[in-house]
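Raw contents of entry_16.tsv, TSV, C-alpha atoms:
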chain	number	residue	atom	x	y	z
A	1	MET	CA	-21.81	3.54	-5.00
A	2	ARG	CA	-20.46	0.00	-4.67
A	3	GLU	CA	-16.75	-0.75	-4.59
A	4	LEU	CA	-14.97	-3.30	-6.77
A	5	TYR	CA	-11.39	-4.26	-5.91
A	6	LEU	CA	-9.15	-6.07	-8.41
A	7	ILE	CA	-6.14	-7.61	-6.69
A	8	ARG	CA	-3.21	-9.26	-8.44
A	9	HIS	CA	-1.77	-12.46	-6.95
A	10	GLY	CA	1.48	-12.15	-5.01
A	11	LEU	CA	5.01	-13.03	-6.10
A	12	ALA	CA	5.11	-16.61	-7.38
A	13	GLY	CA	7.84	-19.02	-8.48
A	14	GLU	CA	9.52	-18.62	-11.84
A	15	ARG	CA	7.43	-19.47	-14.90
A	16	GLY	CA	8.61	-22.81	-16.31
A	17	THR	CA	9.57	-24.31	-12.93
A	18	TYR	CA	6.30	-26.26	-12.79
A	19	ALA	CA	5.08	-28.69	-15.46
A	20	ASN	CA	1.59	-27.27	-14.96
A	21	ASP	CA	1.76	-23.47	-14.69
A	22	ASP	CA	-1.58	-23.46	-12.83
A	23	GLU	CA	0.17	-25.15	-9.88
A	24	ARG	CA	2.92	-22.54	-9.49
A	25	PRO	CA	2.70	-21.32	-5.85
A	26	LEU	CA	3.69	-18.09	-4.12
A	27	THR	CA	7.33	-17.92	-3.02
A	28	ASP	CA	8.20	-17.43	0.66
A	29	THR	CA	8.78	-13.75	-0.10
A	30	GLY	CA	5.47	-13.68	-1.98
A	31	ILE	CA	3.62	-15.12	1.01
A	32	LYS	CA	5.27	-12.68	3.43
A	33	ARG	CA	4.63	-9.65	1.24
A	34	THR	CA	1.04	-10.66	0.45
A	35	ARG	CA	0.36	-11.18	4.15
A	36	GLN	CA	1.67	-7.66	4.82
A	37	VAL	CA	-0.58	-6.24	2.12
A	38	ALA	CA	-3.60	-8.11	3.54
A	39	LYS	CA	-2.86	-6.82	7.04
A	40	ARG	CA	-2.52	-3.26	5.73
A	41	LEU	CA	-5.83	-3.47	3.80
A	42	LYS	CA	-7.54	-4.61	6.98
A	43	GLN	CA	-5.88	-1.79	8.94
A	44	LEU	CA	-7.23	0.70	6.36
A	45	GLY	CA	-10.72	-0.49	7.25
A	46	LEU	CA	-11.47	-2.55	4.15
A	47	GLN	CA	-13.95	-5.43	4.30
A	48	PHE	CA	-15.24	-7.46	1.36
A	49	ASP	CA	-18.68	-9.04	1.39
A	50	VAL	CA	-17.66	-11.16	-1.61
A	51	LEU	CA	-14.12	-12.44	-2.31
A	52	LEU	CA	-13.52	-14.26	-5.59
A	53	SER	CA	-10.39	-15.96	-6.86
A	54	SER	CA	-8.97	-17.41	-10.01
A	55	PRO	CA	-8.54	-21.19	-9.65
A	56	LEU	CA	-4.76	-21.02	-10.13
A	57	VAL	CA	-2.73	-21.86	-7.01
A	58	ARG	CA	-0.92	-18.49	-6.76
A	59	ALA	CA	-4.25	-16.63	-6.89
A	60	ARG	CA	-6.02	-18.99	-4.46
A	61	GLN	CA	-3.17	-18.65	-1.97
A	62	THR	CA	-3.40	-14.85	-2.26
A	63	ALA	CA	-7.17	-14.91	-1.67
A	64	GLU	CA	-6.71	-17.22	1.32
A	65	LEU	CA	-4.20	-14.79	2.86
A	66	LEU	CA	-6.74	-11.97	2.41
A	67	GLN	CA	-9.39	-14.13	4.07
A	68	ALA	CA	-7.01	-15.09	6.90
A	69	ALA	CA	-6.41	-11.38	7.60
A	70	GLY	CA	-10.13	-11.01	8.24
A	71	LEU	CA	-10.99	-9.18	5.02
A	72	ALA	CA	-13.70	-11.64	3.97
A	73	ARG	CA	-15.55	-14.61	5.41
A	74	ALA	CA	-15.21	-16.90	2.41
A	75	VAL	CA	-13.31	-17.36	-0.84
A	76	THR	CA	-15.21	-18.38	-3.97
A	77	ILE	CA	-13.18	-19.88	-6.80
A	78	THR	CA	-14.44	-19.03	-10.27
A	79	THR	CA	-12.96	-20.13	-13.59
A	80	THR	CA	-13.87	-16.80	-15.24
A	81	LEU	CA	-10.91	-15.31	-13.35
A	82	ALA	CA	-8.34	-17.71	-14.82
A	83	PRO	CA	-5.82	-16.05	-17.20
A	84	GLY	CA	-7.55	-14.84	-20.36
A	85	GLY	CA	-10.97	-14.96	-18.67
A	86	SER	CA	-13.90	-13.16	-20.24
A	87	LEU	CA	-15.01	-9.88	-18.62
A	88	PRO	CA	-18.53	-10.07	-20.16
A	89	THR	CA	-18.96	-13.59	-18.74
A	90	TRP	CA	-17.76	-12.44	-15.32
A	91	MET	CA	-20.08	-9.44	-15.46
A	92	ALA	CA	-23.03	-11.66	-16.39
A	93	ASP	CA	-22.23	-13.88	-13.38
A	94	TYR	CA	-21.41	-11.26	-10.75
A	95	GLY	CA	-22.02	-7.70	-12.02
A	96	ASP	CA	-25.59	-7.32	-10.80
A	97	ARG	CA	-25.58	-9.44	-7.65
A	98	PRO	CA	-26.28	-7.50	-4.45
A	99	TRP	CA	-22.73	-7.04	-3.21
A	100	GLN	CA	-21.42	-3.76	-1.81
A	101	ARG	CA	-17.67	-4.44	-1.73
A	102	LEU	CA	-16.48	-7.20	-3.99
A	103	ALA	CA	-12.82	-8.16	-4.32
A	104	LEU	CA	-11.43	-10.50	-6.95
A	105	VAL	CA	-7.96	-12.01	-7.18
A	106	GLY	CA	-6.62	-12.64	-10.65
A	107	HIS	CA	-3.88	-12.17	-13.19
A	108	GLU	CA	-2.20	-9.67	-15.42
A	109	PRO	CA	-2.70	-8.38	-18.06
A	110	ASP	CA	-6.39	-9.22	-17.50
A	111	LEU	CA	-6.96	-7.14	-14.35
A	112	GLY	CA	-5.61	-3.90	-15.80
A	113	LEU	CA	-7.49	-4.43	-19.07
A	114	TRP	CA	-10.74	-5.27	-17.23
A	115	ALA	CA	-10.40	-2.13	-15.09
A	116	GLU	CA	-9.78	0.01	-18.15
A	117	GLN	CA	-12.86	-1.44	-19.88
A	118	LEU	CA	-15.05	-0.90	-16.81
A	119	VAL	CA	-13.87	2.71	-16.52
A	120	TRP	CA	-13.15	3.91	-20.08
A	121	SER	CA	-14.90	1.18	-22.14
A	122	ARG	CA	-11.64	0.25	-23.90
A	123	PRO	CA	-8.61	-1.86	-22.93
A	124	SER	CA	-5.31	-0.02	-23.56
A	125	GLY	CA	-2.80	-1.66	-21.23
A	126	GLN	CA	-1.80	1.66	-19.63
A	127	LEU	CA	-2.28	0.67	-15.98
A	128	VAL	CA	0.78	-0.64	-14.11
A	129	VAL	CA	-0.50	-3.45	-11.85
A	130	LYS	CA	2.26	-4.95	-9.70
A	131	LYS	CA	2.11	-8.33	-7.96
A	132	ALA	CA	-0.13	-7.99	-4.87
A	133	GLY	CA	-1.14	-4.60	-6.25
A	134	VAL	CA	-4.69	-3.31	-5.82
A	135	ILE	CA	-7.12	-1.49	-8.13
A	136	GLY	CA	-10.22	0.16	-6.60
A	137	LEU	CA	-13.26	1.09	-8.70
A	138	GLU	CA	-16.47	2.89	-7.76
A	139	VAL	CA	-19.31	1.19	-9.62
A	140	PRO	CA	-23.04	1.97	-9.85
A	141	GLU	CA	-25.46	0.42	-7.36
A	142	THR	CA	-27.81	-0.94	-9.95
A	143	HIS	CA	-26.05	-2.10	-13.11
A	144	LEU	CA	-22.40	-2.76	-13.88
A	145	ALA	CA	-21.66	-1.85	-17.50
A	146	LEU	CA	-18.50	-1.07	-19.48
A	147	GLY	CA	-17.61	2.60	-18.97
A	148	SER	CA	-19.77	2.86	-15.82
A	149	ALA	CA	-16.98	2.78	-13.22
A	150	ARG	CA	-14.59	5.41	-11.84
A	151	LEU	CA	-11.04	4.67	-10.68
A	152	PHE	CA	-10.36	5.79	-7.10
A	153	TRP	CA	-7.34	3.68	-6.19
A	154	LEU	CA	-4.34	2.00	-7.77
A	155	THR	CA	-1.40	1.04	-5.66
A	156	PRO	CA	1.69	-1.14	-5.84
A	157	PRO	CA	2.70	-2.77	-2.54
A	158	ARG	CA	5.79	-0.54	-2.23
A	159	LEU	CA	3.53	2.54	-1.92
A	160	LEU	CA	1.11	0.84	0.45
A	161	LEU	CA	3.45	-0.70	3.05
B	1	MET	CA	11.31	5.99	-17.00
B	2	ARG	CA	10.73	9.32	-15.29
B	3	GLU	CA	8.00	9.81	-12.70
B	4	LEU	CA	5.41	12.58	-12.73
B	5	TYR	CA	3.30	13.16	-9.61
B	6	LEU	CA	0.10	15.21	-9.72
B	7	ILE	CA	-0.99	16.24	-6.23
B	8	ARG	CA	-4.24	17.99	-5.39
B	9	HIS	CA	-4.18	20.78	-2.79
B	10	GLY	CA	-5.44	19.93	0.70
B	11	LEU	CA	-8.77	20.75	2.30
B	12	ALA	CA	-9.44	24.50	2.06
B	13	GLY	CA	-12.09	26.88	3.40
B	14	GLU	CA	-15.58	26.93	1.89
B	15	ARG	CA	-15.90	28.43	-1.57
B	16	GLY	CA	-17.49	31.90	-1.29
B	17	THR	CA	-15.95	32.71	2.10
B	18	TYR	CA	-13.24	34.80	0.43
B	19	ALA	CA	-13.88	37.73	-1.91
B	20	ASN	CA	-10.99	36.48	-4.04
B	21	ASP	CA	-11.16	32.68	-4.36
B	22	ASP	CA	-7.43	32.60	-5.14
B	23	GLU	CA	-6.75	33.62	-1.54
B	24	ARG	CA	-8.76	30.83	0.08
B	25	PRO	CA	-6.32	29.02	2.43
B	26	LEU	CA	-6.15	25.48	3.81
B	27	THR	CA	-8.22	24.90	6.95
B	28	ASP	CA	-6.54	23.73	10.17
B	29	THR	CA	-7.71	20.20	9.35
B	30	GLY	CA	-6.43	20.67	5.80
B	31	ILE	CA	-2.99	21.70	7.08
B	32	LYS	CA	-2.83	18.77	9.51
B	33	ARG	CA	-3.94	16.20	6.95
B	34	THR	CA	-1.67	17.57	4.23
B	35	ARG	CA	1.28	17.49	6.65
B	36	GLN	CA	0.49	13.81	7.38
B	37	VAL	CA	0.36	13.04	3.67
B	38	ALA	CA	3.68	14.82	3.11
B	39	LYS	CA	5.33	12.89	5.96
B	40	ARG	CA	3.99	9.62	4.58
B	41	LEU	CA	5.27	10.35	1.06
B	42	LYS	CA	8.70	11.05	2.53
B	43	GLN	CA	8.52	7.83	4.56
B	44	LEU	CA	7.71	5.91	1.36
B	45	GLY	CA	11.02	7.15	-0.04
B	46	LEU	CA	9.72	9.76	-2.47
B	47	GLN	CA	11.89	12.71	-3.47
B	48	PHE	CA	11.10	15.29	-6.13
B	49	ASP	CA	13.85	17.07	-8.06
B	50	VAL	CA	11.27	19.60	-9.26
B	51	LEU	CA	8.20	20.73	-7.28
B	52	LEU	CA	5.75	23.06	-9.03
B	53	SER	CA	2.66	24.74	-7.66
B	54	SER	CA	-0.36	26.65	-8.85
B	55	PRO	CA	-0.21	30.27	-7.66
B	56	LEU	CA	-3.42	29.92	-5.59
B	57	VAL	CA	-2.90	30.09	-1.83
B	58	ARG	CA	-4.34	26.63	-1.06
B	59	ALA	CA	-1.99	25.03	-3.61
B	60	ARG	CA	1.06	27.04	-2.55
B	61	GLN	CA	0.48	26.08	1.09
B	62	THR	CA	0.22	22.43	0.07
B	63	ALA	CA	3.49	22.62	-1.90
B	64	GLU	CA	5.21	24.36	1.02
B	65	LEU	CA	4.14	21.54	3.36
B	66	LEU	CA	5.61	19.01	0.90
B	67	GLN	CA	8.83	21.02	0.80
B	68	ALA	CA	8.91	21.34	4.62
B	69	ALA	CA	8.66	17.53	4.87
B	70	GLY	CA	11.89	17.28	2.89
B	71	LEU	CA	10.34	16.09	-0.37
B	72	ALA	CA	11.88	18.88	-2.47
B	73	ARG	CA	14.44	21.65	-2.07
B	74	ALA	CA	12.38	24.40	-3.71
B	75	VAL	CA	8.86	25.27	-4.82
B	76	THR	CA	8.35	26.94	-8.19
B	77	ILE	CA	5.07	28.79	-8.74
B	78	THR	CA	3.74	28.62	-12.28
B	79	THR	CA	0.54	30.19	-13.63
B	80	THR	CA	-0.02	27.25	-16.02
B	81	LEU	CA	-1.17	25.26	-12.93
B	82	ALA	CA	-3.94	27.71	-11.97
B	83	PRO	CA	-7.49	26.32	-12.41
B	84	GLY	CA	-8.30	25.78	-16.08
B	85	GLY	CA	-4.60	25.83	-17.02
B	86	SER	CA	-3.47	24.49	-20.38
B	87	LEU	CA	-1.80	21.07	-20.45
B	88	PRO	CA	-0.11	21.75	-23.84
B	89	THR	CA	1.35	25.00	-22.44
B	90	TRP	CA	2.58	23.21	-19.32
B	91	MET	CA	4.08	20.42	-21.44
B	92	ALA	CA	5.86	22.97	-23.66
B	93	ASP	CA	7.34	24.59	-20.51
B	94	TYR	CA	8.25	21.50	-18.47
B	95	GLY	CA	7.67	18.27	-20.41
B	96	ASP	CA	11.13	17.92	-21.86
B	97	ARG	CA	13.30	19.45	-19.17
B	98	PRO	CA	15.79	17.03	-17.58
B	99	TRP	CA	13.83	16.14	-14.41
B	100	GLN	CA	13.54	12.60	-13.12
B	101	ARG	CA	10.77	12.99	-10.52
B	102	LEU	CA	8.60	16.04	-10.95
B	103	ALA	CA	5.65	16.80	-8.66
B	104	LEU	CA	3.05	19.46	-9.34
B	105	VAL	CA	0.36	20.76	-7.01
B	106	GLY	CA	-2.87	21.90	-8.63
B	107	HIS	CA	-6.63	21.71	-8.84
B	108	GLU	CA	-9.49	19.51	-9.86
B	109	PRO	CA	-10.91	18.74	-12.33
B	110	ASP	CA	-7.70	19.68	-14.17
B	111	LEU	CA	-5.35	17.14	-12.55
B	112	GLY	CA	-7.52	14.12	-13.32
B	113	LEU	CA	-8.16	15.31	-16.87
B	114	TRP	CA	-4.45	16.03	-17.45
B	115	ALA	CA	-3.53	12.57	-16.17
B	116	GLU	CA	-6.11	10.94	-18.45
B	117	GLN	CA	-4.79	12.86	-21.45
B	118	LEU	CA	-1.17	11.96	-20.67
B	119	VAL	CA	-2.09	8.27	-20.32
B	120	TRP	CA	-5.03	7.67	-22.70
B	121	SER	CA	-4.85	10.82	-24.90
B	122	ARG	CA	-8.41	11.83	-23.96
B	123	PRO	CA	-9.97	13.54	-20.90
B	124	SER	CA	-12.99	11.62	-19.56
B	125	GLY	CA	-13.30	12.69	-15.93
B	126	GLN	CA	-13.23	9.08	-14.68
B	127	LEU	CA	-10.45	9.46	-12.10
B	128	VAL	CA	-11.50	10.23	-8.51
B	129	VAL	CA	-8.88	12.68	-7.16
B	130	LYS	CA	-9.51	13.63	-3.53
B	131	LYS	CA	-8.05	16.66	-1.76
B	132	ALA	CA	-4.38	15.93	-0.95
B	133	GLY	CA	-4.72	12.89	-3.21
B	134	VAL	CA	-1.82	11.77	-5.40
B	135	ILE	CA	-1.57	10.52	-8.98
B	136	GLY	CA	1.67	8.83	-10.14
B	137	LEU	CA	2.58	8.48	-13.82
B	138	GLU	CA	5.52	6.76	-15.50
B	139	VAL	CA	6.60	8.93	-18.41
B	140	PRO	CA	9.22	8.43	-21.12
B	141	GLU	CA	12.77	9.69	-20.56
B	142	THR	CA	12.98	11.62	-23.77
B	143	HIS	CA	9.67	13.17	-24.79
B	144	LEU	CA	6.43	13.73	-22.90
B	145	ALA	CA	3.48	13.41	-25.29
B	146	LEU	CA	-0.26	12.79	-24.85
B	147	GLY	CA	-0.84	9.05	-24.52
B	148	SER	CA	2.83	8.36	-23.64
B	149	ALA	CA	2.38	7.83	-19.88
B	150	ARG	CA	1.30	4.88	-17.75
B	151	LEU	CA	-0.63	5.17	-14.48
B	152	PHE	CA	1.10	3.40	-11.58
B	153	TRP	CA	-0.48	5.15	-8.58
B	154	LEU	CA	-3.67	6.88	-7.55
B	155	THR	CA	-4.49	7.26	-3.90
B	156	PRO	CA	-6.82	9.24	-1.68
B	157	PRO	CA	-5.33	10.23	1.73
B	158	ARG	CA	-7.63	7.77	3.55
B	159	LEU	CA	-5.93	4.84	1.81
B	160	LEU	CA	-2.45	6.25	2.31
B	161	LEU	CA	-2.45	7.18	5.99
As structure tokens, the full file:
Amino acid sequence: MRELYLIRHGLAGERGTYANDDERPLTDTGIKRTRQVAKRLKQLGLQFDVLLSSPLVRARQTAELLQAAGLARAVTITTTLAPGGSLPTWMADYGDRPWQRLALVGHEPDLGLWAEQLVWSRPSGQLVVKKAGVIGLEVPETHLALGSARLFWLTPPRLLL
Amino acid sequence: MRELYLIRHGLAGERGTYANDDERPLTDTGIKRTRQVAKRLKQLGLQFDVLLSSPLVRARQTAELLQAAGLARAVTITTTLAPGGSLPTWMADYGDRPWQRLALVGHEPDLGLWAEQLVWSRPSGQLVVKKAGVIGLEVPETHLALGSARLFWLTPPRLLL
């Protein structure tokens, strides 16, 4: 089994405070909290051989904090993880590459809907994914398809730290 | 929102080592690990106003360790939580009582299937629920129905401790 981690960006500034929403950064509290989450993930023994991020500033900053904590060697920015990104496109790009533990940093509601589709084939919006929250899926070694994953982890920061 | 926690019993002796499987107790490692989980749940600020358990020894012991950690004042044993128990019967008994945070200790595959039915209306067997693992559901204040819950937490002990 391979492991796929879907991580939501940390606490960012208020929507509407930046002319371009893509530029909205993490707040000081968001940086502190995300750094704590990253440290805790490392302490739990996690290590990602691939770490992907949405191109938006708040996601990139989150991925960089994960990298800085030693969870991955590099961050790859991919536009398929921007808000409203296409799961089939992402799967075509990354689903069948030879990773063992892939983490991606993105946005809600996409992450919860993607996880539901990978596990139960259908998006329902019934997962609660908090900022800097983590979803963990077991996925097949050979081919990532809708409905092929199992959910083994879902945690908000308050129940992790 | 009310919170419903489904907790799987800790590590027990090998199946087949007891004439009556209902009597199979936690192992020493199971007791130690379950005690650590209980302590951690308390540390995270959890408190259950109702704590239910399956009548099987391994579940009762698990519930008693949760109680001993200060997570609940009492343990109530209910046969609806025995392996193969009926979710509709349990819901008729407990779904609409005035609890705010109810925890129940039971068995797999029932707990994962119950959680899936409460959240997505259908049991699929796609949740990985480890021994002494915890599922957390947000459920409506007024009426607990299939498909009315949201999943906010799922954790194996290894990602909690």
7 Å contact set for Thr155 of chain A, only C-alpha atoms, chain neighbours under 6 positions out, as a VMD selection string: (chain A and resid 133 to 135) or (chain B and resid 152 to 154)
One-decimal distance in Å that lies between atom CA of Gly95 of chain B and atom CA of Glu141 of chain B: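 Value for the atom CA of Glu141 of chain B-atom CA of Gly95 of chain B distance: 10.0 Å.
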From B:Ala115, B:Leu4, B:Leu102, B:Ala132, residue lying nearest Lys32 of chain B [only C-alpha atoms]: B:Ala132
Residues near Thr79 of chain B, cut-off 8 Å, all atoms listed in the file, skip fewer than 2 positions along chain, as a list in words: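 With the cut-off at 8 Å, the set is Ser54, Pro55, Ile77, Leu81, Ala82 and Gly85 of chain B.
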Exercise answer, chain A residues close to chain B, 12 Å and all atoms listed in the file, as a VMD selection string: chain A and resid 40 to 46 112 115 to 130 133 to 139 147 to 161
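In this structure, atom CA of Trp90 of chain A sits 16.4 Å away from atom CA of Leu56 of chain A.
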Computed interatomic separation between atom CA of Gly30 of chain A and atom CA of Gly84 of chain A (Å):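 Computing it gives 22.6 Å between the two atoms.
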Pick from A:Val37, A:Ala19, A:Ile7, A:Leu51, whichever lies nearest to Pro109 of chain A using only C-alpha atoms: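 Going through A:Val37, A:Ala19, A:Ile7, A:Leu51 one by one, the smallest distance to Pro109 of chain A is for A:Ile7.
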Segment 8-116 of chain A written out with C-alpha atoms as a short mmCIF file (atom, residue, chain, number, x, y, z; two decimals), in the first residue's frame:
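Writing the result to decode-v5.cif gives the following:
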data_model
loop_
_atom_site.label_atom_id
_atom_site.label_comp_id
_atom_site.auth_asym_id
_atom_site.auth_seq_id
_atom_site.Cartn_x
_atom_site.Cartn_y
_atom_site.Cartn_z
CA ARG A 8 -5.04 21.91 3.97
CA HIS A 9 -3.11 25.20 4.07
CA GLY A 10 -2.82 26.93 7.44
CA LEU A 11 -4.73 29.92 8.76
CA ALA A 12 -4.48 32.81 6.29
CA GLY A 13 -5.52 36.47 6.29
CA GLU A 14 -9.15 37.43 5.83
CA ARG A 15 -10.62 36.93 2.36
CA GLY A 16 -10.99 40.33 0.66
CA THR A 17 -7.92 41.89 2.33
CA TYR A 18 -5.82 41.28 -0.79
CA ALA A 19 -6.70 42.51 -4.29
CA ASN A 20 -5.50 39.16 -5.62
CA ASP A 21 -6.78 36.35 -3.40
CA ASP A 22 -3.95 34.09 -4.63
CA GLU A 23 -1.49 36.33 -2.77
CA ARG A 24 -3.18 36.07 0.63
CA PRO A 25 -0.49 34.78 3.06
CA LEU A 26 -0.63 32.84 6.31
CA THR A 27 -1.14 34.97 9.42
CA ASP A 28 1.45 34.94 12.22
CA THR A 29 -0.81 32.54 14.11
CA GLY A 30 -1.17 30.48 10.93
CA ILE A 31 2.60 30.21 10.54
CA LYS A 32 3.08 29.26 14.19
CA ARG A 33 0.32 26.66 14.17
CA THR A 34 1.39 25.18 10.82
CA ARG A 35 4.97 24.93 12.07
CA GLN A 36 3.71 23.03 15.14
CA VAL A 37 1.73 20.66 12.92
CA ALA A 38 4.78 20.07 10.69
CA LYS A 39 6.97 19.35 13.72
CA ARG A 40 4.38 16.92 15.09
CA LEU A 41 4.08 15.08 11.75
CA LYS A 42 7.83 14.66 11.70
CA GLN A 43 7.79 13.45 15.31
CA LEU A 44 5.18 10.84 14.33
CA GLY A 45 7.69 9.46 11.85
CA LEU A 46 6.15 10.74 8.63
CA GLN A 47 8.30 11.34 5.56
CA PHE A 48 7.08 12.25 2.08
CA ASP A 49 9.01 11.25 -1.03
CA VAL A 50 6.89 13.70 -3.04
CA LEU A 51 5.45 16.99 -1.71
CA LEU A 52 3.16 18.97 -4.00
CA SER A 53 1.55 22.35 -3.46
CA SER A 54 -1.09 24.56 -4.95
CA PRO A 55 0.49 27.71 -6.42
CA LEU A 56 -1.41 30.02 -4.06
CA VAL A 57 0.78 31.78 -1.48
CA ARG A 58 -0.97 30.35 1.61
CA ALA A 59 -0.54 26.79 0.28
CA ARG A 60 3.08 27.32 -0.83
CA GLN A 61 3.98 28.74 2.58
CA THR A 62 2.37 25.71 4.24
CA ALA A 63 4.32 23.30 2.00
CA GLU A 64 7.55 25.19 2.70
CA LEU A 65 6.98 24.85 6.46
CA LEU A 66 6.48 21.09 5.99
CA GLN A 67 9.70 20.94 3.98
CA ALA A 68 11.57 23.04 6.58
CA ALA A 69 10.51 20.54 9.28
CA GLY A 70 12.32 17.83 7.32
CA LEU A 71 9.22 16.07 5.98
CA ALA A 72 10.29 16.28 2.32
CA ARG A 73 13.34 17.28 0.32
CA ALA A 74 11.55 19.43 -2.24
CA VAL A 75 8.26 21.19 -2.94
CA THR A 76 6.73 20.94 -6.41
CA ILE A 77 4.14 23.56 -7.33
CA THR A 78 1.37 22.31 -9.58
CA THR A 79 -1.57 24.29 -10.93
CA THR A 80 -3.90 21.26 -10.69
CA LEU A 81 -3.98 21.90 -6.92
CA ALA A 82 -5.27 25.48 -7.23
CA PRO A 83 -8.87 25.96 -5.96
CA GLY A 84 -11.35 24.11 -8.17
CA GLY A 85 -8.59 21.92 -9.62
CA SER A 86 -9.49 18.75 -11.48
CA LEU A 87 -8.96 15.44 -9.66
CA PRO A 88 -8.86 13.42 -12.94
CA THR A 89 -6.16 15.75 -14.29
CA TRP A 90 -4.16 15.44 -11.07
CA MET A 91 -4.55 11.66 -11.15
CA ALA A 92 -3.37 11.53 -14.77
CA ASP A 93 -0.28 13.56 -13.78
CA TYR A 94 0.63 11.93 -10.47
CA GLY A 95 -1.57 8.89 -9.71
CA ASP A 96 0.66 6.23 -11.25
CA ARG A 97 4.12 7.68 -10.67
CA PRO A 98 6.35 5.55 -8.42
CA TRP A 99 5.88 7.40 -5.15
CA GLN A 100 5.32 5.64 -1.83
CA ARG A 101 4.23 8.56 0.37
CA LEU A 102 2.94 11.57 -1.47
CA ALA A 103 1.64 14.67 0.31
CA LEU A 104 -0.21 17.51 -1.37
CA VAL A 105 -1.14 20.90 0.04
CA GLY A 106 -4.33 22.45 -1.24
CA HIS A 107 -7.70 23.99 -0.51
CA GLU A 108 -11.16 23.28 0.72
CA PRO A 109 -13.69 22.14 -0.35
CA ASP A 110 -11.51 20.38 -2.95
CA LEU A 111 -9.42 18.24 -0.59
CA GLY A 112 -12.39 16.71 1.22
CA LEU A 113 -14.24 16.10 -2.04
CA TRP A 114 -11.15 14.56 -3.67
CA ALA A 115 -10.66 12.24 -0.69
CA GLU A 116 -14.30 11.18 -0.79
#
